[in-house]
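One structure is given below, encoded as structure tokens.
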Amino acid sequence: MTRILFVLCFFAASSAQAAGLFLTDRGVRPLSRGGAFVAGADDLSSIWYNPAGLMESGSQLMLDAAYLNVDTSFTRKAYIPVSSTGEPSTQTFDKVSGTAPFMPIPTLAVSHNFGLKTWNFALGMYVPYAALSEYPETVVNANGEEHAAPQRYSLLNPKGTVLGVLGLYVAKSFLDGRLQIGLGPKFLLGEYVSTLALSSCPNATCAEQDPDWDAVNRLTAGFIFTASGSLGAIFKITDQYRLGFSADLPFWVDTPAKIQVRLPRAPLFAGATVEGDQARVKFRLPLILRLGFEMRPVQGLRLELAVVFEGWAIHDKIEILRGKNGVNLNNVIGLPSPYPIGDLTVQRNFRDTFSVRLGGEYGGGGYTFNYRLRAGVNYDRAAIPRDYLSVLTLDVDKVTTSVGVSIGFYGITLDVLYAHVFGINTSVDPQQAKLYAMSPVRAEPIDQTAINGGDYTLQANVIGLGLSYKFGGPK
């Protein structure tokens, strides 16, 4: 019920970090500018990019939503040190494709200055632009034979994941409006859900990655509630030039979790049962620093160059720790009963990364009618080193191009966005791959054949629609 209420809160009222866990930067208007919206931030989209820009949003209400049409694929390749011929070889598995449900990703924000000319206050909720792709549990090969999907040890699906950020912000202007400062606390809320297969072979006599030994595990972390903050500044060097800086502080997630396990088909588990479901999940999300320079060379034209640093090295692992009443296996042949499932660690080993954005807009008109045309491009370096790439978080180097338009009349503005994400096809050498199937029995990776070697592709279309209203008439 908590999850349902959280979703309704976003959608009745109304998944970036462009690397790492998120597909691209967010917001209909800012993404139309390629995400170059740090020095030029001046509306309620500032809650993500630079809270100092809220000083220029005035008293405003904004609602927008974007649909991410994501196309991903993975062709697994495994290095076999000794094959049937006695020589090393590489086994290639059937390609699997990810699918994403139709779910518009919302933003809802409101601001008001309460009659204070050099202050402004805002409340906002948003959901990151995350590519929550689902993968099959089985695939059918060219001969019509059904077998276990090759990516199952990394991810089956994230169904049930609902994550959003709620923020409270204040902005103030100084030096006759030439300097703007904004800051505020923000809170990560929701649930993170991941379903994947674990390899439950309790000893070396089992066939490696035999699907009869797969235990399907569903992890539900949350309800997550953790605090962080953001701050930013905009300095108007002249009427034509602006410099902007912002920082989003890290999130430290330490939350209760539940584990549901579907036991393997292997004979050793024929009479087995699972007792308990309690755990804790711990992980960290990064510091983000943004720097932008905007120029306004002629009336109606705005151009910005921005760079973003994302400290993803902090996201080195996800810890799944046994709770007070943790998960136990009963009546498994060859194991003591009950057999406690120990702590698990999902190795992430992300790296710090950066992105570069260039974008702008041109328009004219007044309060009764106005228009703006926008375009932008950005490059994002993947936050995941190639050897640790997997479908659990499919992040590759990518270039995003975007266009947008807005039409305004009498304080109401309609924004439209289209962006395309060009993911750079990436191959992980099976001999260099570093991720292995996890085991609930031995509680450590089965360090034999890596599960993440192979070829990855990612492409996406982003379609967005926004609506805002500025209170108080023409300024």
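Identifiers for the structure tokens are assigned positionally: chains receive A, B, ... in sequence, residues are indexed from 1 per chain, and ligands are indexed from 1 in the order shown.
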If we count only C-alpha atoms, what is near A:Gly365 at a cut-off of 10 Å, once residues fewer than 5 positions away on the same chain are taken out, given as a list in words? Gly300, Asn370, Tyr371, Arg372, Ile407, Gly408 and Phe409 of chain A
Store the residues picked out above, limited to N, CA and C atoms, as a compact mmCIF listing (two decimals), in the first residue's frame.
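Generated output (out.txt):
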# COMPACT_ATOMS: atom_id res chain seq x y z
N GLY A 300 17.02 37.64 -27.07
CA GLY A 300 16.28 36.41 -27.39
C GLY A 300 17.13 35.17 -27.55
N ASN A 370 4.35 34.20 -26.45
CA ASN A 370 5.80 34.10 -26.64
C ASN A 370 6.15 32.70 -27.10
N TYR A 371 7.33 32.54 -27.63
CA TYR A 371 7.79 31.25 -28.14
C TYR A 371 9.28 31.11 -27.88
N ARG A 372 9.74 29.86 -27.83
CA ARG A 372 11.17 29.58 -27.74
C ARG A 372 11.47 28.28 -28.46
N ILE A 407 5.61 27.26 -26.20
CA ILE A 407 4.65 28.29 -26.58
C ILE A 407 4.02 28.81 -25.29
N GLY A 408 4.00 30.12 -25.12
CA GLY A 408 3.43 30.70 -23.92
C GLY A 408 2.39 31.76 -24.22
N PHE A 409 1.39 31.83 -23.35
CA PHE A 409 0.37 32.87 -23.47
C PHE A 409 -0.25 33.11 -22.10
At a cut-off of 9 Å, using only C-alpha atoms, what residues contact stretch 307-322 of chain A? Leave out same-chain residues fewer than 4 positions from it and give the result as a short mmCIF file (atom, residue, chain, number, x, y, z; two decimals) with C-alpha atoms, in the first residue's frame.
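What ended up in result-v8.cif:
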data_model
loop_
_atom_site.label_atom_id
_atom_site.label_comp_id
_atom_site.auth_asym_id
_atom_site.auth_seq_id
_atom_site.Cartn_x
_atom_site.Cartn_y
_atom_site.Cartn_z
CA GLN A 17 22.94 12.19 -13.09
CA ALA A 18 23.30 11.23 -16.72
CA ALA A 19 25.71 8.40 -16.00
CA GLY A 20 25.67 5.62 -13.45
CA ALA A 36 23.13 22.82 -20.31
CA PRO A 250 25.68 12.30 -1.70
CA ALA A 257 14.78 -5.05 3.05
CA GLN A 278 14.57 -9.89 6.76
CA ALA A 279 17.72 -8.10 5.58
CA ARG A 280 19.30 -4.67 5.28
CA VAL A 281 20.60 -3.00 2.14
CA LYS A 282 23.38 -0.43 2.09
CA PHE A 283 24.73 1.60 -0.83
CA ARG A 284 25.80 5.15 -1.65
CA LEU A 285 24.91 7.61 -4.41
CA PRO A 286 27.33 10.28 -5.58
CA LEU A 287 28.29 13.88 -5.13
CA ILE A 288 27.51 15.88 -8.29
CA LEU A 289 29.23 19.15 -9.20
CA ARG A 290 28.04 21.35 -12.09
CA LEU A 291 29.64 24.38 -13.70
CA GLY A 292 28.08 26.40 -16.51
CA GLY A 326 17.22 -13.33 8.45
CA VAL A 327 16.64 -15.92 5.76
CA PRO A 340 21.44 -19.35 7.53
CA ILE A 341 21.93 -17.33 4.37
CA GLY A 342 24.88 -15.06 5.00
CA ASP A 343 25.63 -11.52 3.89
CA LEU A 344 25.90 -10.89 0.15
CA THR A 345 27.86 -8.21 -1.67
CA VAL A 346 27.07 -7.06 -5.19
CA GLN A 347 30.30 -5.64 -6.58
CA ARG A 348 29.73 -2.35 -8.45
CA ASN A 349 33.17 -0.69 -8.61
CA PHE A 350 31.87 2.44 -10.34
CA ARG A 351 34.28 5.24 -11.21
CA ASP A 352 34.12 9.02 -11.07
CA THR A 353 33.01 10.44 -14.39
CA PHE A 354 32.03 13.60 -16.25
CA SER A 355 29.81 14.96 -18.98
CA VAL A 356 29.95 17.97 -21.28
CA ARG A 357 26.82 19.80 -22.47
CA LEU A 358 26.23 22.50 -25.08
CA ALA A 383 30.47 5.54 -14.79
CA ILE A 384 31.00 1.77 -14.95
#
Got a sec to tell me which of stretch 199-423 of chain A DSSP assigns to strand (DSSP E or B), as number ranges by chain? A: 199, 214-236, 241-248, 251-262, 273-275, 278-285, 288-295, 301-310, 317-322, 328-330, 339-340, 344-347, 353-365, 370-380, 390, 393, 398-409, 412-423
Write the selection just made, keeping C-alpha atoms, as a CSV table (one decimal), in the first residue's frame?
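Listed below is the output, selection07.csv:
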chain,number,residue,atom,x,y,z
A,199,SER,CA,23.5,-20.1,-8.3
A,214,ASP,CA,19.1,-21.5,-9.9
A,215,ALA,CA,17.3,-19.8,-7.0
A,216,VAL,CA,15.3,-16.8,-8.1
A,217,ASN,CA,15.7,-14.0,-5.6
A,218,ARG,CA,13.5,-10.9,-5.3
A,219,LEU,CA,15.0,-8.2,-3.1
A,220,THR,CA,12.8,-5.3,-2.0
A,221,ALA,CA,14.7,-2.5,-0.3
A,222,GLY,CA,12.7,0.1,1.5
A,223,PHE,CA,10.7,2.0,2.3
A,224,ILE,CA,13.8,4.2,1.7
A,225,PHE,CA,14.0,7.5,3.4
A,226,THR,CA,17.3,9.3,3.4
A,227,ALA,CA,18.4,12.9,3.4
A,228,SER,CA,20.9,14.9,1.5
A,229,GLY,CA,21.0,18.5,0.1
A,230,SER,CA,21.8,20.7,-2.8
A,231,LEU,CA,23.2,24.3,-3.2
A,232,GLY,CA,24.1,26.6,-6.0
A,233,ALA,CA,25.0,30.1,-7.1
A,234,ILE,CA,24.6,32.2,-10.2
A,235,PHE,CA,26.7,35.3,-10.8
A,236,LYS,CA,25.7,37.7,-13.5
A,241,TYR,CA,27.3,36.7,-19.4
A,242,ARG,CA,26.4,34.4,-16.5
A,243,LEU,CA,28.4,31.9,-14.5
A,244,GLY,CA,26.7,29.1,-12.5
A,245,PHE,CA,27.8,26.5,-10.1
A,246,SER,CA,25.8,23.8,-8.1
A,247,ALA,CA,26.5,20.8,-5.9
A,248,ASP,CA,24.3,17.9,-5.0
A,251,PHE,CA,22.9,10.0,-0.5
A,252,TRP,CA,23.8,7.3,2.0
A,253,VAL,CA,21.2,4.5,1.8
A,254,ASP,CA,20.9,2.1,4.7
A,255,THR,CA,17.4,0.6,4.7
A,256,PRO,CA,15.4,-2.5,5.8
A,257,ALA,CA,14.8,-5.0,3.1
A,258,LYS,CA,12.8,-8.2,2.4
A,259,ILE,CA,14.1,-11.2,0.4
A,260,GLN,CA,11.8,-13.7,-1.3
A,261,VAL,CA,13.4,-16.9,-2.7
A,262,ARG,CA,12.1,-19.4,-5.2
A,273,THR,CA,11.6,-24.6,2.8
A,274,VAL,CA,12.6,-21.0,3.3
A,275,GLU,CA,12.1,-19.4,6.7
A,278,GLN,CA,14.6,-9.9,6.8
A,279,ALA,CA,17.7,-8.1,5.6
A,280,ARG,CA,19.3,-4.7,5.3
A,281,VAL,CA,20.6,-3.0,2.1
A,282,LYS,CA,23.4,-0.4,2.1
A,283,PHE,CA,24.7,1.6,-0.8
A,284,ARG,CA,25.8,5.2,-1.6
A,285,LEU,CA,24.9,7.6,-4.4
A,288,ILE,CA,27.5,15.9,-8.3
A,289,LEU,CA,29.2,19.2,-9.2
A,290,ARG,CA,28.0,21.3,-12.1
A,291,LEU,CA,29.6,24.4,-13.7
A,292,GLY,CA,28.1,26.4,-16.5
A,293,PHE,CA,28.7,29.5,-18.5
A,294,GLU,CA,25.9,31.2,-20.4
A,295,MET,CA,26.1,34.0,-22.9
A,301,LEU,CA,19.4,34.2,-27.9
A,302,ARG,CA,20.9,32.2,-25.0
A,303,LEU,CA,23.9,29.7,-25.3
A,304,GLU,CA,25.4,27.7,-22.5
A,305,LEU,CA,28.4,25.4,-22.1
A,306,ALA,CA,28.3,23.2,-19.0
A,307,VAL,CA,30.5,20.5,-17.5
A,308,VAL,CA,29.3,18.0,-14.8
A,309,PHE,CA,31.5,15.9,-12.5
A,310,GLU,CA,29.8,12.9,-10.9
A,317,LYS,CA,29.1,-2.1,-3.8
A,318,ILE,CA,25.6,-2.9,-2.7
A,319,GLU,CA,25.6,-4.8,0.6
A,320,ILE,CA,22.8,-7.1,1.5
A,321,LEU,CA,23.2,-7.9,5.1
A,322,ARG,CA,21.4,-10.5,7.2
A,328,ASN,CA,17.2,-19.6,6.6
A,329,LEU,CA,17.0,-22.7,4.5
A,330,ASN,CA,15.4,-25.8,6.1
A,339,TYR,CA,21.1,-23.1,7.2
A,340,PRO,CA,21.4,-19.3,7.5
A,344,LEU,CA,25.9,-10.9,0.2
A,345,THR,CA,27.9,-8.2,-1.7
A,346,VAL,CA,27.1,-7.1,-5.2
A,347,GLN,CA,30.3,-5.6,-6.6
A,353,THR,CA,33.0,10.4,-14.4
A,354,PHE,CA,32.0,13.6,-16.2
A,355,SER,CA,29.8,15.0,-19.0
A,356,VAL,CA,30.0,18.0,-21.3
A,357,ARG,CA,26.8,19.8,-22.5
A,358,LEU,CA,26.2,22.5,-25.1
A,359,GLY,CA,22.8,24.0,-25.7
A,360,GLY,CA,20.7,27.0,-26.1
A,361,GLU,CA,17.4,28.6,-27.0
A,362,TYR,CA,16.0,31.5,-29.1
A,363,GLY,CA,12.7,33.2,-28.8
A,364,GLY,CA,10.7,36.3,-28.4
A,365,GLY,CA,7.3,37.7,-27.6
A,370,ASN,CA,5.8,34.1,-26.6
A,371,TYR,CA,7.8,31.2,-28.1
A,372,ARG,CA,11.2,29.6,-27.7
A,373,LEU,CA,13.1,27.1,-29.9
A,374,ARG,CA,15.7,24.9,-28.2
A,375,ALA,CA,18.5,22.5,-29.1
A,376,GLY,CA,21.4,20.8,-27.4
A,377,VAL,CA,23.9,18.0,-27.3
A,378,ASN,CA,25.8,16.3,-24.6
A,379,TYR,CA,28.4,13.6,-24.1
A,380,ASP,CA,28.4,11.4,-21.0
A,390,SER,CA,26.2,-5.7,-16.7
A,393,THR,CA,22.9,-1.2,-14.7
A,398,LYS,CA,26.7,8.0,-24.9
A,399,VAL,CA,25.8,11.1,-26.9
A,400,THR,CA,22.4,12.7,-26.5
A,401,THR,CA,21.0,15.1,-29.0
A,402,SER,CA,17.8,17.1,-28.2
A,403,VAL,CA,15.4,19.6,-29.6
A,404,GLY,CA,12.4,21.4,-28.0
A,405,VAL,CA,9.9,24.2,-28.4
A,406,SER,CA,7.7,26.2,-26.0
A,407,ILE,CA,4.7,28.3,-26.6
A,408,GLY,CA,3.4,30.7,-23.9
A,409,PHE,CA,0.4,32.9,-23.5
A,412,ILE,CA,0.9,29.6,-19.3
A,413,THR,CA,3.7,27.8,-21.0
A,414,LEU,CA,3.6,24.5,-22.9
A,415,ASP,CA,7.0,22.8,-23.5
A,416,VAL,CA,7.7,19.8,-25.8
A,417,LEU,CA,10.9,17.7,-25.9
A,418,TYR,CA,12.4,15.1,-28.1
A,419,ALA,CA,15.8,13.6,-27.4
A,420,HIS,CA,17.7,10.6,-28.7
A,421,VAL,CA,20.4,8.8,-26.8
A,422,PHE,CA,23.1,7.2,-28.9
A,423,GLY,CA,24.8,4.6,-26.7
So, with only C-alpha atoms as the atoms that count, which of A:Ser337, A:Thr457, A:Gln209, A:Gln151 lies closest to A:Leu196?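 Under the stated criterion, the closest residue is A:Gln151.
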Using only C-alpha atoms, which of A:Ala78, A:Cys206, A:Leu123, A:Ala65 sits nearest A:Asn452?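 Checking each candidate against A:Asn452, we get A:Ala78 as the closest.
Among the candidate residues A:Gly144, A:Pro150, A:Gly124, A:Gly34, the one lying nearest to A:Val165 is A:Gly124, with distances computed using only C-alpha atoms.
Omitting A:Asn120 and its sequence neighbours fewer than 3 positions away, and counting only C-alpha atoms, the residues within 7 Å are A:Leu54, A:Met55, A:Gly58, A:Ser111, A:His112, A:Asn113, A:Val170, A:Ala171, A:Lys172.
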With C-alpha atoms retained, write the just-selected residues as a compact mmCIF listing (two decimals), in the first residue's frame.
# COMPACT_ATOMS: atom_id res chain seq x y z
CA LEU A 54 14.70 29.54 -8.38
CA MET A 55 15.24 33.22 -7.66
CA GLY A 58 8.95 33.82 -9.22
CA SER A 111 7.44 28.28 -5.88
CA HIS A 112 6.33 31.53 -4.19
CA ASN A 113 8.13 34.56 -2.82
CA VAL A 170 15.16 28.70 -0.62
CA ALA A 171 16.85 31.22 -2.92
CA LYS A 172 18.04 34.78 -2.30
Please, which residues of stretch 116-328 of chain A, numbered as in this document, come out helix (DSSP H, G or I) from DSSP, as a list in words?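 Helix (DSSP H, G or I) members of stretch 116-328 of chain A, listed: Leu175, Asp176, Gly177, Pro211, Asp212, Trp213, Pro267, Leu268, Phe269, Trp312, Ala313 and Ile314 of chain A.
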Residue contacts of A:Asp42 (7 Å, only C-alpha atoms) excluding same-chain residues fewer than 2 positions away, as number ranges by chain: A: 40, 46, 53-54, 56-57
So that I have them on file, write out the residues from the current selection with C-alpha atoms, as an mmCIF file, in the first residue's frame.
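Contents of the output file out15.cif:
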data_model
loop_
_atom_site.group_PDB
_atom_site.id
_atom_site.type_symbol
_atom_site.label_atom_id
_atom_site.label_comp_id
_atom_site.auth_asym_id
_atom_site.auth_seq_id
_atom_site.Cartn_x
_atom_site.Cartn_y
_atom_site.Cartn_z
ATOM 1 C CA GLY A 40 20.894 29.736 -17.314
ATOM 2 C CA SER A 46 16.303 24.527 -11.194
ATOM 3 C CA GLY A 53 17.869 29.685 -10.486
ATOM 4 C CA LEU A 54 14.703 29.538 -8.379
ATOM 5 C CA GLU A 56 13.986 33.931 -11.202
ATOM 6 C CA SER A 57 11.127 31.429 -11.229
#
Rank A:Thr118, A:Trp213, A:Val70, A:Pro264 by their smallest atom-to-atom distance to A:Asp176, using only C-alpha atoms, and report the top residue only.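 Closest candidate: A:Thr118.
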